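Data block for query_27.pdb (PDB, C-alpha atoms):
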```
ATOM      1  CA  MET U   1       8.914 -14.677 -12.234
ATOM      2  CA  LYS U   2       7.265 -15.349  -8.878
ATOM      3  CA  ALA U   3       6.017 -18.715 -10.105
ATOM      4  CA  ASP U   4       9.588 -19.565 -11.136
ATOM      5  CA  ARG U   5      10.801 -18.670  -7.652
ATOM      6  CA  HIS U   6       8.087 -20.875  -6.147
ATOM      7  CA  ARG U   7       9.253 -23.790  -8.306
ATOM      8  CA  LEU U   8      12.884 -23.137  -7.412
ATOM      9  CA  ASN U   9      12.110 -22.980  -3.680
ATOM     10  CA  GLY U  10       9.624 -25.841  -3.738
ATOM     11  CA  HIS U  11       6.901 -23.829  -2.004
ATOM     12  CA  LYS U  12       4.610 -20.838  -2.385
ATOM     13  CA  SER U  13       5.417 -17.500  -0.798
ATOM     14  CA  TYR U  14       3.045 -15.623   1.484
ATOM     15  CA  VAL U  15       2.981 -13.541   4.626
ATOM     16  CA  LEU U  16       1.842 -14.676   8.043
ATOM     17  CA  TRP U  17       0.870 -11.377   9.689
ATOM     18  CA  PHE U  18       0.835 -11.753  13.495
ATOM     19  CA  THR U  19      -1.166  -8.933  15.103
ATOM     20  CA  GLY U  20      -2.158  -8.353  18.720
ATOM     21  CA  LEU U  21      -1.519  -6.381  21.877
ATOM     22  CA  PRO U  22       2.024  -5.809  23.157
ATOM     23  CA  GLY U  23       3.104  -8.901  25.064
ATOM     24  CA  SER U  24       0.539 -11.183  23.415
ATOM     25  CA  GLY U  25       3.239 -13.445  21.974
ATOM     26  CA  LYS U  26       3.465 -12.344  18.331
ATOM     27  CA  SER U  27       7.261 -12.406  18.080
ATOM     28  CA  THR U  28       7.547 -15.625  20.067
ATOM     29  CA  LEU U  29       5.122 -17.381  17.712
ATOM     30  CA  ALA U  30       6.836 -15.953  14.607
ATOM     31  CA  GLU U  31      10.237 -17.159  15.816
ATOM     32  CA  ARG U  32       8.949 -20.633  16.649
ATOM     33  CA  MET U  33       7.038 -20.838  13.381
ATOM     34  CA  GLU U  34      10.180 -19.962  11.446
ATOM     35  CA  LEU U  35      11.937 -22.935  13.053
ATOM     36  CA  GLU U  36       9.079 -25.185  11.950
ATOM     37  CA  LEU U  37       9.307 -23.892   8.383
ATOM     38  CA  HIS U  38      13.085 -24.336   8.296
ATOM     39  CA  GLN U  39      12.689 -27.942   9.425
ATOM     40  CA  ARG U  40      10.536 -28.385   6.311
ATOM     41  CA  TYR U  41      13.256 -26.747   4.142
ATOM     42  CA  MET U  42      11.050 -23.735   3.478
ATOM     43  CA  HIS U  43      12.626 -20.322   2.943
ATOM     44  CA  SER U  44      11.340 -17.703   5.375
ATOM     45  CA  TYR U  45      12.230 -14.444   7.055
ATOM     46  CA  ILE U  46      10.934 -12.645  10.152
ATOM     47  CA  LEU U  47       9.986  -8.983   9.996
ATOM     48  CA  ASP U  48       9.553  -7.834  13.587
ATOM     49  CA  GLY U  49       7.998  -4.425  14.184
ATOM     50  CA  ASP U  50      10.311  -3.703  17.119
ATOM     51  CA  HIS U  51      13.429  -4.498  15.092
ATOM     52  CA  LEU U  52      12.329  -2.454  12.089
ATOM     53  CA  ARG U  53      11.948   0.604  14.307
ATOM     54  CA  HIS U  54      15.741   0.575  14.758
ATOM     55  CA  GLY U  55      16.408   0.877  11.032
ATOM     56  CA  LEU U  56      13.846   1.121   8.250
ATOM     57  CA  ASN U  57      11.254   2.767  10.490
ATOM     58  CA  GLN U  58      13.666   4.738  12.634
ATOM     59  CA  GLY U  59      12.342   8.188  13.385
ATOM     60  CA  LEU U  60       8.703   7.162  13.391
ATOM     61  CA  GLY U  61       6.847   7.790  16.621
ATOM     62  CA  PHE U  62       3.629   6.329  17.933
ATOM     63  CA  SER U  63       1.075   8.815  16.653
ATOM     64  CA  ALA U  64      -1.720   7.358  14.543
ATOM     65  CA  LYS U  65      -0.047   8.767  11.409
ATOM     66  CA  ASP U  66       3.350   7.281  12.302
ATOM     67  CA  ARG U  67       1.830   3.897  13.181
ATOM     68  CA  THR U  68       0.112   3.810   9.799
ATOM     69  CA  GLU U  69       3.379   4.667   8.043
ATOM     70  CA  ASN U  70       5.223   2.041  10.116
ATOM     71  CA  ILE U  71       2.812  -0.667   8.939
ATOM     72  CA  ARG U  72       2.854   0.600   5.348
ATOM     73  CA  ARG U  73       6.646   0.319   5.214
ATOM     74  CA  MET U  74       6.618  -3.073   6.874
ATOM     75  CA  GLY U  75       3.966  -4.247   4.420
ATOM     76  CA  GLU U  76       5.918  -3.003   1.413
ATOM     77  CA  THR U  77       8.972  -4.850   2.692
ATOM     78  CA  ALA U  78       6.902  -8.009   3.166
ATOM     79  CA  LYS U  79       5.634  -7.698  -0.418
ATOM     80  CA  LEU U  80       9.208  -7.600  -1.738
ATOM     81  CA  PHE U  81      10.064 -10.781   0.168
ATOM     82  CA  VAL U  82       6.901 -12.523  -1.030
ATOM     83  CA  ASP U  83       7.727 -11.529  -4.606
ATOM     84  CA  ALA U  84      11.200 -13.025  -4.053
ATOM     85  CA  GLY U  85       9.562 -16.336  -3.112
ATOM     86  CA  ILE U  86      10.114 -16.077   0.635
ATOM     87  CA  ILE U  87       7.568 -16.816   3.366
ATOM     88  CA  VAL U  88       7.352 -13.763   5.612
ATOM     89  CA  LEU U  89       6.524 -13.949   9.297
ATOM     90  CA  ALA U  90       5.558 -10.388  10.220
ATOM     91  CA  ALA U  91       5.092  -9.648  13.910
ATOM     92  CA  ALA U  92       3.671  -6.200  14.586
ATOM     93  CA  ILE U  93       0.996  -4.785  16.852
ATOM     94  CA  SER U  94      -0.545  -3.113  13.781
ATOM     95  CA  PRO U  95      -3.348  -1.661  15.892
ATOM     96  CA  TYR U  96      -5.591  -0.235  13.183
ATOM     97  CA  ARG U  97      -7.985  -2.441  11.261
ATOM     98  CA  ALA U  98      -7.950  -0.116   8.229
ATOM     99  CA  ASP U  99      -4.153  -0.373   7.952
ATOM    100  CA  ARG U 100      -4.288  -4.175   8.022
ATOM    101  CA  GLU U 101      -7.098  -4.260   5.454
ATOM    102  CA  ARG U 102      -5.209  -1.866   3.166
ATOM    103  CA  LEU U 103      -2.197  -4.130   3.539
ATOM    104  CA  ARG U 104      -4.235  -7.248   2.757
ATOM    105  CA  SER U 105      -5.604  -5.640  -0.421
ATOM    106  CA  SER U 106      -2.067  -4.914  -1.653
ATOM    107  CA  PHE U 107      -1.219  -8.634  -1.784
ATOM    108  CA  GLU U 108      -2.460 -11.174  -4.290
ATOM    109  CA  GLU U 109      -5.281 -13.440  -3.172
ATOM    110  CA  HIS U 110      -4.151 -16.047  -0.614
ATOM    111  CA  GLU U 111      -0.801 -14.326   0.012
ATOM    112  CA  PHE U 112      -1.828 -12.521   3.205
ATOM    113  CA  ILE U 113      -2.720 -14.637   6.227
ATOM    114  CA  GLU U 114      -3.784 -12.585   9.227
ATOM    115  CA  ILE U 115      -3.188 -14.259  12.577
ATOM    116  CA  TYR U 116      -4.782 -12.518  15.528
ATOM    117  CA  VAL U 117      -2.752 -13.372  18.622
ATOM    118  CA  ARG U 118      -5.517 -12.756  21.122
ATOM    119  CA  CYS U 119      -4.580 -12.342  24.746
ATOM    120  CA  GLN U 120      -6.381 -10.699  27.633
ATOM    121  CA  LEU U 121      -4.905  -7.324  28.567
ATOM    122  CA  GLU U 122      -4.348  -8.515  32.149
ATOM    123  CA  GLU U 123      -2.197 -11.410  30.901
ATOM    124  CA  CYS U 124      -0.213  -9.130  28.571
ATOM    125  CA  GLU U 125       0.444  -6.840  31.524
ATOM    126  CA  ARG U 126       1.438  -9.781  33.709
ATOM    127  CA  ARG U 127       3.916 -10.952  31.080
ATOM    128  CA  ASP U 128       5.164  -7.415  30.306
ATOM    129  CA  PRO U 129       8.484  -8.646  28.854
ATOM    130  CA  LYS U 130       9.878  -5.129  28.397
ATOM    131  CA  GLY U 131       8.279  -3.374  31.372
ATOM    132  CA  LEU U 132       6.305  -1.152  29.008
ATOM    133  CA  TYR U 133       2.852  -1.621  30.537
ATOM    134  CA  LYS U 134       4.191  -0.528  33.911
ATOM    135  CA  LYS U 135       5.680   2.594  32.333
ATOM    136  CA  ALA U 136       2.453   3.283  30.412
ATOM    137  CA  ARG U 137       0.371   2.950  33.585
ATOM    138  CA  ALA U 138       2.765   5.354  35.301
ATOM    139  CA  GLY U 139       2.309   7.878  32.476
ATOM    140  CA  GLU U 140       5.919   7.528  31.291
ATOM    141  CA  ILE U 141       4.859   6.220  27.861
ATOM    142  CA  LYS U 142       2.207   8.071  25.921
ATOM    143  CA  GLN U 143       0.054   6.491  23.199
ATOM    144  CA  PHE U 144       0.695   2.929  24.376
ATOM    145  CA  THR U 145      -1.508   0.379  22.604
ATOM    146  CA  GLY U 146      -4.075  -1.171  24.935
ATOM    147  CA  ILE U 147      -3.656   1.503  27.615
ATOM    148  CA  SER U 148      -3.711   5.009  26.139
ATOM    149  CA  ALA U 149      -4.003   4.106  22.443
ATOM    150  CA  PRO U 150      -6.541   1.803  20.777
ATOM    151  CA  TYR U 151      -6.177  -1.697  19.391
ATOM    152  CA  GLU U 152      -8.818  -2.717  16.869
ATOM    153  CA  PRO U 153      -9.085  -6.515  16.737
ATOM    154  CA  PRO U 154      -9.423  -8.077  13.284
ATOM    155  CA  LEU U 155     -12.970  -8.824  12.163
ATOM    156  CA  ASN U 156     -12.181 -11.792   9.916
ATOM    157  CA  PRO U 157      -8.644 -13.069  10.473
ATOM    158  CA  GLU U 158      -7.679 -16.379   8.946
ATOM    159  CA  LEU U 159      -6.650 -17.577  12.412
ATOM    160  CA  ILE U 160      -7.161 -16.603  16.035
ATOM    161  CA  ILE U 161      -4.572 -17.866  18.480
ATOM    162  CA  ASP U 162      -5.604 -17.463  22.121
ATOM    163  CA  SER U 163      -2.088 -17.185  23.494
ATOM    164  CA  ASP U 164      -3.289 -16.921  27.087
ATOM    165  CA  ARG U 165      -4.976 -20.340  26.795
ATOM    166  CA  LEU U 166      -2.803 -22.282  24.347
ATOM    167  CA  THR U 167       0.813 -23.283  24.789
ATOM    168  CA  ILE U 168       3.308 -22.250  22.140
ATOM    169  CA  GLU U 169       3.339 -25.841  20.864
ATOM    170  CA  GLU U 170      -0.469 -25.941  20.616
ATOM    171  CA  SER U 171      -0.487 -22.572  18.865
ATOM    172  CA  ILE U 172       2.077 -23.720  16.314
ATOM    173  CA  CYS U 173       0.011 -26.859  15.659
ATOM    174  CA  VAL U 174      -3.052 -24.684  14.926
ATOM    175  CA  ILE U 175      -1.043 -22.621  12.430
ATOM    176  CA  LEU U 176       0.546 -25.668  10.797
ATOM    177  CA  ASP U 177      -2.840 -27.395  10.498
ATOM    178  CA  TYR U 178      -4.286 -24.319   8.794
ATOM    179  CA  LEU U 179      -1.345 -24.035   6.396
ATOM    180  CA  SER U 180      -1.524 -27.729   5.582
ATOM    181  CA  ASP U 181      -5.311 -27.733   5.100
ATOM    182  CA  CYS U 182      -5.083 -24.724   2.772
ATOM    183  CA  GLY U 183      -2.211 -26.103   0.675
ATOM    184  CA  TYR U 184       0.578 -23.812   1.875
ATOM    185  CA  LEU U 185       2.789 -26.640   3.178
TER     186      LEU U 185
END
```

Mind turning this structure into structure tokens?
Amino acid sequence: MKADRHRLNGHKSYVLWFTGLPGSGKSTLAERMELELHQRYMHSYILDGDHLRHGLNQGLGFSAKDRTENIRRMGETAKLFVDAGIIVLAAAISPYRADRERLRSSFEEHEFIEIYVRCQLEECERRDPKGLYKKARAGEIKQFTGISAPYEPPLNPELIIDSDRLTIEESICVILDYLSDCGYL
């Protein structure tokens, strides 16, 4: 069935999993990448960790157990979209390496593309789009990734985007080049 959906859509389905510290640019890159895919008439959908916490993952906190469950649910949702023939752009901190590896192993080979949006903590704090780092530093937010909770960078991601050195346009070009070189476009 999935192969039939690929033929119908004119492209393969897969997930681009954007991981990184809060404020690193994951959602921004996912949104811009979706525009690029739409311009190529490719069917895609964004799963943003922040947005899912208002619905599907409502009620989950930020303990290690809840973060793992958050990523599990997001991954299961991504798998349904991939099975439906849709390209998924998943933007989530997903701080634990083991959770991301478990997620990767649940997809078929070449369906999970991990993109590490690497950004220095100081730059993430400077950007601080939601004022969360300031609150975390003030002790108002407990278990905040990068401050009072860990972030485990990927060991072997398909791509590393240094968002504190590359522009959004340059970052998108890196992703598009990878997808083209590997036969996804």

Practice item. Give as a ChimeraX atom specification the residues that the PyMOL selection byres ((chain U and resi 164-181) around 12) matches when applied to the coordinates above. Key: /U:11-18,21,23-37,40,87,89,110-127,158-163,182-185

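Between CA of Leu132 (chain U) and CA of Arg72 (chain U) the separation is 24.0 Å.
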
Revision key, fill the gap. Residue with the minimum atom-to-atom distance to Lys79 (chain U), picked from U:Tyr133, U:Asp50, U:Ala64, U:Lys2 with all atoms listed in the file counted, is U:Lys2

Edge lengths and centre, in Å to one decimal, as AutoDock Vina command-line options: that's what I need for the box along x, y and z that holds all listed atoms of region 173-176 of chain U plus 8 Å on each side.
```
--center_x -1.3 --center_y -24.7 --center_z 13.2 --size_x 19.6 --size_y 20.2 --size_z 20.9
```

Review point. When you draw a straight line from CA of His6 (chain U) to CA of Ala91 (chain U), how long is it in Å?
Key: 23.2 Å
